[in-house]
file protein21.csv (CSV, C-alpha atoms)
chain,number,residue,atom,x,y,z
A,1,MET,CA,-17.3,19.4,11.0
A,2,ALA,CA,-17.0,19.2,7.3
A,3,ASP,CA,-14.6,18.0,4.7
A,4,LYS,CA,-11.5,17.2,6.6
A,5,VAL,CA,-9.1,14.3,6.4
A,6,GLY,CA,-10.2,11.7,9.0
A,7,LEU,CA,-7.8,9.8,11.4
A,8,VAL,CA,-8.0,6.4,12.8
A,9,ILE,CA,-5.8,5.6,15.9
A,10,ILE,CA,-5.0,1.9,16.0
A,11,SER,CA,-3.5,0.5,19.1
A,12,HIS,CA,-3.3,-2.9,20.9
A,13,SER,CA,-4.5,-1.1,24.0
A,14,LYS,CA,-7.7,0.8,24.5
A,15,LYS,CA,-6.0,3.1,27.0
A,16,ILE,CA,-3.2,4.0,24.6
A,17,GLY,CA,-5.8,4.8,22.0
A,18,GLU,CA,-7.8,7.0,24.4
A,19,GLY,CA,-4.6,8.6,25.7
A,20,VAL,CA,-3.5,9.6,22.2
A,21,CYS,CA,-6.9,11.1,21.5
A,22,ASP,CA,-6.8,13.0,24.8
A,23,LEU,CA,-3.4,14.4,23.9
A,24,ILE,CA,-4.4,15.6,20.4
A,25,SER,CA,-7.8,17.0,21.5
A,26,GLN,CA,-5.8,19.7,23.2
A,27,VAL,CA,-4.8,21.2,19.9
A,28,ILE,CA,-7.5,20.4,17.4
A,29,SER,CA,-11.2,21.5,17.2
A,30,ASP,CA,-13.1,19.4,14.6
A,31,VAL,CA,-11.0,16.7,13.0
A,32,PRO,CA,-12.9,13.4,12.7
A,33,ILE,CA,-11.0,10.9,14.8
A,34,ALA,CA,-11.9,7.3,15.7
A,35,ILE,CA,-10.1,4.9,18.0
A,36,ALA,CA,-9.8,1.2,17.0
A,37,ALA,CA,-8.0,-0.2,20.0
A,38,GLY,CA,-8.1,-3.6,21.6
A,39,THR,CA,-9.9,-6.6,20.3
A,40,ASP,CA,-13.7,-7.0,19.8
A,41,ASP,CA,-14.0,-8.1,23.4
A,42,GLY,CA,-11.8,-5.4,24.9
A,43,GLU,CA,-8.6,-7.6,25.2
A,44,ILE,CA,-5.1,-6.5,24.2
A,45,GLY,CA,-4.8,-6.8,20.4
A,46,THR,CA,-6.3,-5.3,17.3
A,47,SER,CA,-9.3,-6.1,15.2
A,48,MET,CA,-9.8,-5.7,11.5
A,49,GLU,CA,-13.5,-5.2,12.1
A,50,LEU,CA,-13.1,-2.4,14.5
A,51,ILE,CA,-10.6,-0.7,12.2
A,52,GLY,CA,-13.0,-1.1,9.2
A,53,LYS,CA,-15.8,0.5,11.3
A,54,ALA,CA,-13.6,3.3,12.4
A,55,ILE,CA,-12.7,4.1,8.7
A,56,GLU,CA,-16.4,4.4,7.9
A,57,ASP,CA,-17.0,6.6,10.9
A,58,VAL,CA,-14.4,9.3,10.0
A,59,ASP,CA,-14.5,9.4,6.2
A,60,GLN,CA,-15.9,12.7,5.1
A,61,GLY,CA,-14.8,12.3,1.5
A,62,LYS,CA,-11.3,13.8,1.9
A,63,GLY,CA,-9.6,10.5,2.8
A,64,VAL,CA,-8.5,8.8,6.0
A,65,ILE,CA,-5.1,8.2,7.5
A,66,LEU,CA,-4.5,5.2,9.7
A,67,LEU,CA,-1.9,5.3,12.4
A,68,TYR,CA,-0.8,2.2,14.4
A,69,ASP,CA,1.4,1.1,17.3
A,70,LEU,CA,2.9,-2.4,16.7
A,71,GLY,CA,3.4,-4.8,13.8
A,72,SER,CA,0.3,-6.9,14.0
A,73,ALA,CA,-1.8,-3.8,14.1
A,74,LYS,CA,-0.3,-2.9,10.8
A,75,MET,CA,-1.4,-6.3,9.3
A,76,ASN,CA,-4.9,-5.9,10.5
A,77,ALA,CA,-4.9,-2.3,9.2
A,78,GLU,CA,-3.8,-3.5,5.8
A,79,MET,CA,-6.5,-6.1,5.7
A,80,ALA,CA,-9.1,-3.5,6.7
A,81,ILE,CA,-7.9,-1.3,3.8
A,82,GLU,CA,-8.1,-4.2,1.4
A,83,PHE,CA,-11.6,-5.1,2.4
A,84,SER,CA,-12.8,-1.5,2.5
A,85,GLU,CA,-14.4,-0.4,-0.8
A,86,ARG,CA,-13.2,3.1,-0.3
A,87,ASP,CA,-10.4,5.0,-2.1
A,88,GLN,CA,-8.1,7.3,-0.3
A,89,ILE,CA,-7.3,5.3,2.7
A,90,LYS,CA,-3.6,5.6,3.7
A,91,LEU,CA,-1.5,3.8,6.3
A,92,ALA,CA,1.1,5.8,8.0
A,93,ASN,CA,3.8,3.2,7.7
A,94,HIS,CA,6.6,3.0,10.2
A,95,VAL,CA,5.4,6.3,11.8
A,96,PRO,CA,5.4,6.4,15.6
A,97,LEU,CA,1.8,6.6,16.8
A,98,VAL,CA,1.9,9.6,19.2
A,99,GLU,CA,4.1,11.9,17.1
A,100,GLY,CA,2.3,10.9,13.9
A,101,ALA,CA,-1.2,11.3,15.3
A,102,TYR,CA,-0.3,14.7,16.7
A,103,ILE,CA,1.1,16.1,13.4
A,104,ALA,CA,-1.7,14.5,11.3
A,105,ALA,CA,-4.3,16.0,13.6
A,106,VAL,CA,-2.8,19.5,13.5
A,107,GLU,CA,-2.5,19.4,9.7
A,108,ALA,CA,-6.0,17.9,9.1
A,109,ASN,CA,-7.4,20.6,11.3
A,110,MET,CA,-5.7,23.2,9.1
A,111,GLY,CA,-7.6,21.6,6.2
A,112,TYR,CA,-4.5,20.1,4.5
A,113,SER,CA,-5.0,17.4,1.9
A,114,LEU,CA,-4.4,13.7,2.4
A,115,GLU,CA,-1.3,13.8,0.2
A,116,LYS,CA,0.2,16.8,2.0
A,117,ILE,CA,-0.3,15.2,5.5
A,118,MET,CA,1.1,11.9,4.3
A,119,LYS,CA,4.2,13.8,3.1
A,120,SER,CA,4.7,15.3,6.5
A,121,LEU,CA,4.3,11.9,8.2
A,122,THR,CA,7.0,10.3,6.0
A,123,LYS,CA,9.5,12.6,7.7
A,124,LEU,CA,8.8,10.8,11.0
A,125,GLU,CA,9.4,7.3,9.6
A,126,LEU,CA,11.5,4.9,11.7
A,127,GLU,CA,13.9,2.5,10.1
A,128,ASP,CA,12.9,-0.5,12.2
A,129,MET,CA,9.4,-0.7,13.4
B,1,MET,CA,-8.3,-38.0,-6.8
B,2,MET,CA,-10.4,-35.8,-4.5
B,3,ILE,CA,-8.6,-35.4,-1.2
B,4,LEU,CA,-10.7,-32.9,0.6
B,5,THR,CA,-14.5,-32.6,0.8
B,6,VAL,CA,-16.6,-30.0,2.6
B,7,GLU,CA,-17.1,-32.4,5.5
B,8,LYS,CA,-13.3,-33.2,5.7
B,9,THR,CA,-12.5,-29.5,5.6
B,10,LYS,CA,-14.8,-28.9,8.5
B,11,GLN,CA,-13.1,-31.9,10.2
B,12,TRP,CA,-9.7,-30.3,9.5
B,13,MET,CA,-10.7,-27.2,11.4
B,14,LYS,CA,-12.0,-29.3,14.3
B,15,GLU,CA,-8.7,-31.3,14.3
B,16,ILE,CA,-6.7,-28.0,14.4
B,17,HIS,CA,-8.8,-26.8,17.3
B,18,LYS,CA,-8.3,-30.0,19.2
B,19,ARG,CA,-4.5,-29.7,18.8
B,20,MET,CA,-4.4,-26.0,19.7
B,21,GLU,CA,-6.4,-26.8,22.9
B,22,THR,CA,-4.2,-29.7,23.8
B,23,ASN,CA,-1.0,-27.8,23.2
B,24,LYS,CA,-2.1,-24.4,24.4
B,25,GLU,CA,0.4,-24.4,27.3
B,26,GLN,CA,3.2,-25.5,25.0
B,27,LEU,CA,2.5,-22.7,22.5
B,28,THR,CA,2.2,-20.2,25.2
B,29,ALA,CA,5.5,-21.3,26.8
B,30,LEU,CA,7.3,-21.0,23.4
B,31,ASP,CA,5.8,-17.5,22.9
B,32,GLN,CA,6.8,-16.5,26.4
B,33,ALA,CA,10.4,-17.3,25.6
B,34,ILE,CA,10.6,-15.2,22.5
B,35,GLY,CA,7.3,-13.3,22.0
B,36,ASP,CA,4.5,-11.8,24.0
B,37,GLY,CA,3.1,-15.1,25.5
B,38,ASP,CA,-0.3,-15.2,24.0
B,39,HIS,CA,0.0,-17.5,21.1
B,40,GLY,CA,-1.5,-20.6,22.7
B,41,ILE,CA,-4.5,-18.6,24.0
B,42,ASN,CA,-5.0,-16.8,20.7
B,43,MET,CA,-4.8,-20.0,18.6
B,44,ALA,CA,-7.1,-22.0,20.9
B,45,ARG,CA,-9.7,-19.2,21.0
B,46,GLY,CA,-9.4,-18.4,17.3
B,47,PHE,CA,-10.0,-21.9,16.1
B,48,GLY,CA,-12.6,-22.4,18.8
B,49,GLU,CA,-14.5,-19.5,17.1
B,50,VAL,CA,-13.9,-21.1,13.7
B,51,VAL,CA,-15.4,-24.4,14.8
B,52,ALA,CA,-18.4,-22.7,16.4
B,53,LYS,CA,-19.0,-20.8,13.1
B,54,ILE,CA,-18.6,-23.6,10.6
B,55,ASP,CA,-20.4,-26.2,12.7
B,56,GLY,CA,-23.7,-24.4,12.4
B,57,THR,CA,-23.3,-23.4,8.7
B,58,GLU,CA,-24.0,-25.2,5.4
B,59,TYR,CA,-21.3,-24.9,2.8
B,60,ASP,CA,-21.4,-25.6,-0.9
B,61,SER,CA,-17.6,-26.0,-1.3
B,62,VAL,CA,-14.3,-26.5,0.4
B,63,ALA,CA,-13.4,-22.9,-0.7
B,64,ASP,CA,-16.4,-21.6,1.2
B,65,VAL,CA,-15.4,-23.4,4.5
B,66,LEU,CA,-11.9,-22.0,4.2
B,67,LYS,CA,-13.1,-18.5,3.5
B,68,SER,CA,-15.4,-18.6,6.5
B,69,ALA,CA,-12.5,-19.8,8.7
B,70,ALA,CA,-10.3,-17.1,7.4
B,71,MET,CA,-12.8,-14.3,8.2
B,72,THR,CA,-13.3,-15.7,11.7
B,73,LEU,CA,-9.6,-15.9,12.4
B,74,THR,CA,-9.0,-12.4,11.2
B,75,ALA,CA,-11.9,-11.0,13.2
B,76,LYS,CA,-11.3,-12.9,16.4
B,77,VAL,CA,-7.5,-13.3,16.9
B,78,GLY,CA,-6.0,-10.1,18.3
B,79,GLY,CA,-2.3,-10.8,17.6
B,80,ALA,CA,-0.3,-11.3,14.4
B,81,SER,CA,-1.5,-14.9,13.9
B,82,GLY,CA,-5.0,-13.7,13.1
B,83,PRO,CA,-4.2,-11.7,10.0
B,84,LEU,CA,-1.4,-14.1,9.0
B,85,TYR,CA,-3.4,-17.3,9.2
B,86,GLY,CA,-6.5,-15.4,8.0
B,87,THR,CA,-4.7,-14.4,4.9
B,88,ALA,CA,-3.3,-17.9,4.3
B,89,PHE,CA,-6.8,-19.5,4.4
B,90,LEU,CA,-8.3,-16.8,2.4
B,91,LYS,CA,-5.7,-17.2,-0.4
B,92,MET,CA,-6.3,-21.0,-0.3
B,93,ALA,CA,-10.0,-20.4,-0.6
B,94,THR,CA,-9.5,-18.1,-3.6
B,95,ALA,CA,-7.2,-20.6,-5.3
B,96,LEU,CA,-9.7,-23.4,-4.8
B,97,GLN,CA,-12.8,-21.5,-5.8
B,98,GLY,CA,-15.2,-23.6,-7.9
B,99,GLN,CA,-12.9,-26.7,-7.8
B,100,GLU,CA,-12.9,-30.0,-6.2
B,101,VAL,CA,-9.7,-30.4,-4.2
B,102,ASN,CA,-7.0,-32.8,-5.4
B,103,GLN,CA,-3.3,-32.9,-4.7
B,104,GLN,CA,-2.4,-30.7,-7.6
B,105,ASN,CA,-4.7,-27.8,-6.7
B,106,LEU,CA,-3.9,-28.2,-3.0
B,107,LYS,CA,-0.3,-27.6,-4.0
B,108,ALA,CA,-1.4,-24.5,-5.9
B,109,ALA,CA,-3.5,-23.3,-3.0
B,110,THR,CA,-0.6,-23.8,-0.6
B,111,ASP,CA,1.6,-21.7,-2.9
B,112,GLN,CA,-1.0,-18.9,-2.9
B,113,ALA,CA,-1.2,-19.1,0.9
B,114,LEU,CA,2.6,-18.9,1.1
B,115,GLU,CA,2.5,-15.8,-1.1
B,116,GLY,CA,-0.2,-14.3,1.1
B,117,ILE,CA,1.8,-14.9,4.3
B,118,LYS,CA,4.9,-13.4,2.6
B,119,MET,CA,3.0,-10.3,1.6
B,120,ARG,CA,1.2,-9.8,4.9
B,121,GLY,CA,4.1,-10.4,7.1
B,122,ASN,CA,6.8,-9.1,4.8
B,123,ALA,CA,8.6,-12.3,5.4
B,124,GLU,CA,11.4,-14.2,3.7
B,125,PHE,CA,12.6,-17.8,4.2
B,126,GLY,CA,14.9,-18.3,7.1
B,127,GLU,CA,13.7,-15.6,9.4
B,128,LYS,CA,12.4,-18.0,11.9
B,129,THR,CA,8.7,-17.5,11.4
B,130,LEU,CA,5.7,-19.7,10.4
B,131,TYR,CA,6.6,-18.7,6.8
B,132,ASP,CA,9.5,-21.2,6.9
B,133,VAL,CA,7.2,-24.1,7.6
B,134,TRP,CA,4.7,-23.2,4.9
B,135,TYR,CA,7.5,-22.7,2.5
B,136,GLN,CA,8.9,-26.2,3.1
B,137,VAL,CA,5.4,-27.8,2.9
B,138,ALA,CA,4.8,-26.0,-0.5
B,139,GLU,CA,8.2,-27.3,-1.7
B,140,PHE,CA,7.3,-30.8,-0.6
B,141,LEU,CA,3.9,-30.8,-2.3
B,142,GLY,CA,5.5,-29.6,-5.4
B,143,SER,CA,8.3,-32.1,-5.6
B,144,GLU,CA,6.6,-35.3,-4.4
B,145,LYS,CA,3.8,-37.5,-5.5
B,146,VAL,CA,2.5,-37.8,-2.0
B,147,GLU,CA,1.4,-41.2,-0.9
B,148,ASP,CA,2.2,-41.0,2.7
B,149,TRP,CA,1.1,-37.7,4.2
B,150,GLN,CA,3.2,-38.3,7.3
B,151,GLU,CA,6.2,-37.4,5.2
B,152,MET,CA,4.8,-33.9,5.1
B,153,LEU,CA,5.0,-33.8,8.9
B,154,GLU,CA,8.6,-35.0,8.9
B,155,VAL,CA,9.3,-32.0,6.6
B,156,CYS,CA,7.6,-29.7,9.1
B,157,GLN,CA,9.5,-31.1,12.0
B,158,ALA,CA,12.8,-30.9,10.2
B,159,THR,CA,12.1,-27.2,9.4
B,160,ILE,CA,11.3,-26.5,13.0
B,161,GLU,CA,14.5,-28.1,14.1
B,162,ASP,CA,16.5,-26.2,11.5
B,163,THR,CA,15.0,-22.9,12.5
B,164,ARG,CA,15.5,-23.5,16.2
B,165,GLU,CA,19.1,-22.1,16.1
B,166,LEU,CA,18.3,-19.2,13.8
B,167,LYS,CA,18.2,-15.7,15.0
B,168,ALA,CA,14.7,-14.2,14.6
B,169,THR,CA,14.6,-11.1,12.4
B,170,LYS,CA,10.8,-10.6,12.2
B,171,GLY,CA,8.1,-9.9,14.7
B,172,ARG,CA,8.3,-9.6,18.4
B,173,ALA,CA,11.0,-12.3,18.6
B,174,SER,CA,13.4,-10.0,16.6
B,175,TYR,CA,13.6,-7.6,19.6
B,176,LEU,CA,15.5,-10.4,21.4
B,177,ASN,CA,18.1,-10.7,18.7
B,178,GLU,CA,20.7,-13.3,19.7
B,179,ARG,CA,18.6,-14.5,22.6
B,180,SER,CA,16.0,-15.8,20.2
B,181,ARG,CA,18.5,-18.6,19.2
B,182,GLY,CA,17.8,-22.0,20.7
B,183,HIS,CA,14.0,-21.4,20.9
B,184,VAL,CA,11.4,-22.8,18.6
B,185,ASP,CA,9.2,-20.2,16.9
B,186,PRO,CA,5.7,-20.6,18.3
B,187,GLY,CA,4.2,-19.8,14.8
B,188,SER,CA,6.2,-22.6,13.3
B,189,MET,CA,4.8,-25.0,16.0
B,190,SER,CA,1.2,-23.9,15.4
B,191,SER,CA,1.7,-24.3,11.7
B,192,PHE,CA,2.9,-27.9,12.3
B,193,TYR,CA,-0.4,-28.6,14.1
B,194,ILE,CA,-2.3,-27.2,11.2
B,195,PHE,CA,-0.5,-29.6,8.8
B,196,GLU,CA,-0.7,-32.5,11.2
B,197,ALA,CA,-4.5,-32.0,11.3
B,198,LEU,CA,-4.6,-31.8,7.5
B,199,ALA,CA,-2.7,-35.1,7.2
B,200,THR,CA,-5.0,-36.7,9.7
B,201,VAL,CA,-8.2,-35.8,7.8
B,202,ILE,CA,-6.7,-36.6,4.3
B,203,GLU,CA,-5.9,-40.1,5.5
B,204,MET,CA,-9.3,-40.6,7.1
B,205,GLU,CA,-11.7,-43.0,5.3
B,206,ASP,CA,-14.5,-41.2,3.5
call {"tool": "encode", "arguments": {"input": "protein21.csv", "output": "structure tokens"}}
result
Amino acid sequence: MADKVGLVIISHSKKIGEGVCDLISQVISDVPIAIAAGTDDGEIGTSMELIGKAIEDVDQGKGVILLYDLGSAKMNAEMAIEFSERDQIKLANHVPLVEGAYIAAVEANMGYSLEKIMKSLTKLELEDM
Amino acid sequence: MMILTVEKTKQWMKEIHKRMETNKEQLTALDQAIGDGDHGINMARGFGEVVAKIDGTEYDSVADVLKSAAMTLTAKVGGASGPLYGTAFLKMATALQGQEVNQQNLKAATDQALEGIKMRGNAEFGEKTLYDVWYQVAEFLGSEKVEDWQEMLEVCQATIEDTRELKATKGRASYLNERSRGHVDPGSMSSFYIFEALATVIEMED
């Protein structure tokens, strides 16, 4: 596993995070993916700390894309990005989690750049989310 | 005149926690009406963690206490109130860095908190969120030479009443659209308790 864009799957529910990963593991071989789902103590919610740790885990130097499910996950993701000292961390804004994670995983697996994957993801953007 | 000390700021957090515990059921009921029903639990737990953290820690400044509270809320509250209140206290801490707290810089710090909430929640005034209450408090602090801090609470209460009939356009409550009318926003209510706690500690004897 070398030099690919990393993905962080952020969800309020651990099971959703795991489910998304199960789904995309069908089509990719060696993309670095981490799940940041649920709170520190496994409850429904999101945690800035878990998101920050997931970013560290998947960054191979080619950048990291964060995908999230609901609004407050976005807030915690933004805070994690602000606190992270790394460049090249992007939030897939208003992009549905399952579809976005699938496309990002396929394209990261093909070795596409962060910018190129983000461009594909913008095509999925929802107006209200 | 110095209105907040390290000790009083710690006390502020304890007073907030007390109110969140006492009103846990009420906040949860409000959230059940127009949100996902966990606001009371989140706030009581979040400020419980804040009190546990600051109680056992020595601080050099008011800013340091607020920063510590902000980080704890962000880490420990799973819902939107974690990053929103976390950002608010963090912005206050940044604004008050290296200063003793008087009414003037408390006003400046509240303005910064307001900006932080606006940015984090992408909020505008009148969207029936906690931003409305912070906005009116910042306005009040800017326009009055405050003698009686209870007046600040009257401003909060009036805002909450004004926003009761509004339609929510942000957050989970916005999914309910018209049905959000007639309900008090739980975040506005918890913000009221935060300012009620602040008024209580400012008016305490040193």
call {"tool": "interface_residues", "arguments": {"input": "protein21.csv", "of": "chain B", "to": "chain A", "cutoff": "12 Å", "atoms": "only C-alpha atoms", "output": "compact mmCIF listing (two decimals) with C-alpha atoms, in the frame of the given file"}}
result
# COMPACT_ATOMS: atom_id res chain seq x y z
CA ASP B 36 4.50 -11.80 24.00
CA GLY B 37 3.10 -15.10 25.50
CA ASP B 38 -0.30 -15.20 24.00
CA HIS B 39 0.00 -17.50 21.10
CA ILE B 41 -4.50 -18.60 24.00
CA ASN B 42 -5.00 -16.80 20.70
CA ALA B 70 -10.30 -17.10 7.40
CA MET B 71 -12.80 -14.30 8.20
CA THR B 72 -13.30 -15.70 11.70
CA LEU B 73 -9.60 -15.90 12.40
CA THR B 74 -9.00 -12.40 11.20
CA ALA B 75 -11.90 -11.00 13.20
CA LYS B 76 -11.30 -12.90 16.40
CA VAL B 77 -7.50 -13.30 16.90
CA GLY B 78 -6.00 -10.10 18.30
CA GLY B 79 -2.30 -10.80 17.60
CA ALA B 80 -0.30 -11.30 14.40
CA SER B 81 -1.50 -14.90 13.90
CA GLY B 82 -5.00 -13.70 13.10
CA PRO B 83 -4.20 -11.70 10.00
CA LEU B 84 -1.40 -14.10 9.00
CA TYR B 85 -3.40 -17.30 9.20
CA GLY B 86 -6.50 -15.40 8.00
CA THR B 87 -4.70 -14.40 4.90
CA LEU B 90 -8.30 -16.80 2.40
CA GLY B 116 -0.20 -14.30 1.10
CA ILE B 117 1.80 -14.90 4.30
CA LYS B 118 4.90 -13.40 2.60
CA MET B 119 3.00 -10.30 1.60
CA ARG B 120 1.20 -9.80 4.90
CA GLY B 121 4.10 -10.40 7.10
CA ASN B 122 6.80 -9.10 4.80
CA THR B 169 14.60 -11.10 12.40
CA LYS B 170 10.80 -10.60 12.20
CA GLY B 171 8.10 -9.90 14.70
CA ARG B 172 8.30 -9.60 18.40
CA ALA B 173 11.00 -12.30 18.60
CA SER B 174 13.40 -10.00 16.60
CA TYR B 175 13.60 -7.60 19.60
call {"tool": "closest_residue", "arguments": {"input": "protein21.csv", "among": "A:Phe83, A:Asp22, A:Val8, A:Ser13", "to": "Ile35 of chain A", "atoms": "only C-alpha atoms"}}
result
A:Val8
call {"tool": "residues_around", "arguments": {"input": "protein21.csv", "residues": "Thr129 of chain B", "least_positions_apart": "5", "cutoff": "7 Å", "atoms": "all atoms listed in the file", "output": "VMD selection string"}}
result
chain B and resid 185 187 to 188
call {"tool": "atom_distance", "arguments": {"input": "protein21.csv", "atom1": "atom CA of Lys119 of chain A", "atom2": "atom CA of Ala92 of chain A"}}
result
9.9 Å
call {"tool": "residues_around", "arguments": {"input": "protein21.csv", "residues": "Ala108 of chain A", "least_positions_apart": "3", "cutoff": "8 Å", "atoms": "all atoms listed in the file", "output": "number ranges by chain"}}
result
A: 4-6, 31, 104-105, 111-113, 117
call {"tool": "residues_around", "arguments": {"input": "protein21.csv", "residues": "Gln103 of chain B", "least_positions_apart": "6", "cutoff": "8 Å", "atoms": "all atoms listed in the file", "output": "PyMOL selection string"}}
result
chain B and resi 1-3+141
call {"tool": "atom_distance", "arguments": {"input": "protein21.csv", "atom1": "atom CA of Lys123 of chain A", "atom2": "atom CA of Glu127 of chain B"}}
result
28.6 Å
call {"tool": "residues_around", "arguments": {"input": "protein21.csv", "residues": "Leu96 of chain B", "least_positions_apart": "5", "cutoff": "9 Å", "atoms": "all atoms listed in the file", "output": "list of chain:residue names"}}
result
B:Val62, B:Ala63, B:Lys91, B:Val101, B:Asn105, B:Leu106, B:Ala108, B:Ala109
call {"tool": "decode", "arguments": {"input": "protein21.csv", "residues": "segment 41-48 of chain A", "atoms": "all heavy atoms", "output": "PDB file, in the first residue's frame"}}
result
ATOM      1  N   ASP A  41     -16.997   6.826  23.365  1.00  0.00           N
ATOM      2  CA  ASP A  41     -17.462   5.677  24.138  1.00  0.00           C
ATOM      3  C   ASP A  41     -18.503   4.843  23.388  1.00  0.00           C
ATOM      4  O   ASP A  41     -19.343   4.175  24.002  1.00  0.00           O
ATOM      5  CB  ASP A  41     -17.954   6.104  25.526  1.00  0.00           C
ATOM      6  CG  ASP A  41     -18.696   7.418  25.489  1.00  0.00           C
ATOM      7  OD1 ASP A  41     -19.058   7.854  24.380  1.00  0.00           O
ATOM      8  OD2 ASP A  41     -18.915   8.010  26.561  1.00  0.00           O
ATOM      9  N   GLY A  42     -18.439   4.913  22.059  1.00  0.00           N
ATOM     10  CA  GLY A  42     -19.258   4.011  21.252  1.00  0.00           C
ATOM     11  C   GLY A  42     -20.726   4.380  21.125  1.00  0.00           C
ATOM     12  O   GLY A  42     -21.519   3.605  20.611  1.00  0.00           O
ATOM     13  N   GLU A  43     -21.091   5.580  21.593  1.00  0.00           N
ATOM     14  CA  GLU A  43     -22.486   6.007  21.458  1.00  0.00           C
ATOM     15  C   GLU A  43     -22.703   6.610  20.068  1.00  0.00           C
ATOM     16  O   GLU A  43     -21.757   6.829  19.319  1.00  0.00           O
ATOM     17  CB  GLU A  43     -22.804   7.074  22.521  1.00  0.00           C
ATOM     18  CG  GLU A  43     -22.662   6.615  23.955  1.00  0.00           C
ATOM     19  CD  GLU A  43     -23.738   5.614  24.372  1.00  0.00           C
ATOM     20  OE1 GLU A  43     -24.905   5.811  23.974  1.00  0.00           O
ATOM     21  OE2 GLU A  43     -23.408   4.647  25.065  1.00  0.00           O
ATOM     22  N   ILE A  44     -23.982   6.894  19.757  1.00  0.00           N
ATOM     23  CA  ILE A  44     -24.301   7.566  18.500  1.00  0.00           C
ATOM     24  C   ILE A  44     -23.789   9.004  18.566  1.00  0.00           C
ATOM     25  O   ILE A  44     -24.052   9.719  19.526  1.00  0.00           O
ATOM     26  CB  ILE A  44     -25.835   7.572  18.274  1.00  0.00           C
ATOM     27  CG1 ILE A  44     -26.361   6.154  18.055  1.00  0.00           C
ATOM     28  CG2 ILE A  44     -26.213   8.492  17.100  1.00  0.00           C
ATOM     29  CD1 ILE A  44     -26.060   5.532  16.717  1.00  0.00           C
ATOM     30  N   GLY A  45     -23.068   9.409  17.540  1.00  0.00           N
ATOM     31  CA  GLY A  45     -22.502  10.760  17.504  1.00  0.00           C
ATOM     32  C   GLY A  45     -21.180  10.724  16.777  1.00  0.00           C
ATOM     33  O   GLY A  45     -20.789   9.686  16.240  1.00  0.00           O
ATOM     34  N   THR A  46     -20.499  11.874  16.755  1.00  0.00           N
ATOM     35  CA  THR A  46     -19.168  11.880  16.133  1.00  0.00           C
ATOM     36  C   THR A  46     -18.174  12.533  17.085  1.00  0.00           C
ATOM     37  O   THR A  46     -18.556  13.267  17.976  1.00  0.00           O
ATOM     38  CB  THR A  46     -19.165  12.624  14.786  1.00  0.00           C
ATOM     39  OG1 THR A  46     -19.650  13.953  14.977  1.00  0.00           O
ATOM     40  CG2 THR A  46     -20.007  11.911  13.755  1.00  0.00           C
ATOM     41  N   SER A  47     -16.908  12.244  16.871  1.00  0.00           N
ATOM     42  CA  SER A  47     -15.876  12.747  17.774  1.00  0.00           C
ATOM     43  C   SER A  47     -14.723  13.353  16.984  1.00  0.00           C
ATOM     44  O   SER A  47     -14.168  12.713  16.093  1.00  0.00           O
ATOM     45  CB  SER A  47     -15.367  11.585  18.644  1.00  0.00           C
ATOM     46  OG  SER A  47     -14.024  11.801  19.027  1.00  0.00           O
ATOM     47  N   MET A  48     -14.400  14.598  17.331  1.00  0.00           N
ATOM     48  CA  MET A  48     -13.298  15.264  16.652  1.00  0.00           C
ATOM     49  C   MET A  48     -11.996  14.487  16.839  1.00  0.00           C
ATOM     50  O   MET A  48     -11.193  14.378  15.924  1.00  0.00           O
ATOM     51  CB  MET A  48     -13.143  16.672  17.219  1.00  0.00           C
ATOM     52  CG  MET A  48     -12.091  17.473  16.501  1.00  0.00           C
ATOM     53  SD  MET A  48     -11.732  19.024  17.322  1.00  0.00           S
ATOM     54  CE  MET A  48     -10.625  18.500  18.607  1.00  0.00           C
TER      55      MET A  48
END
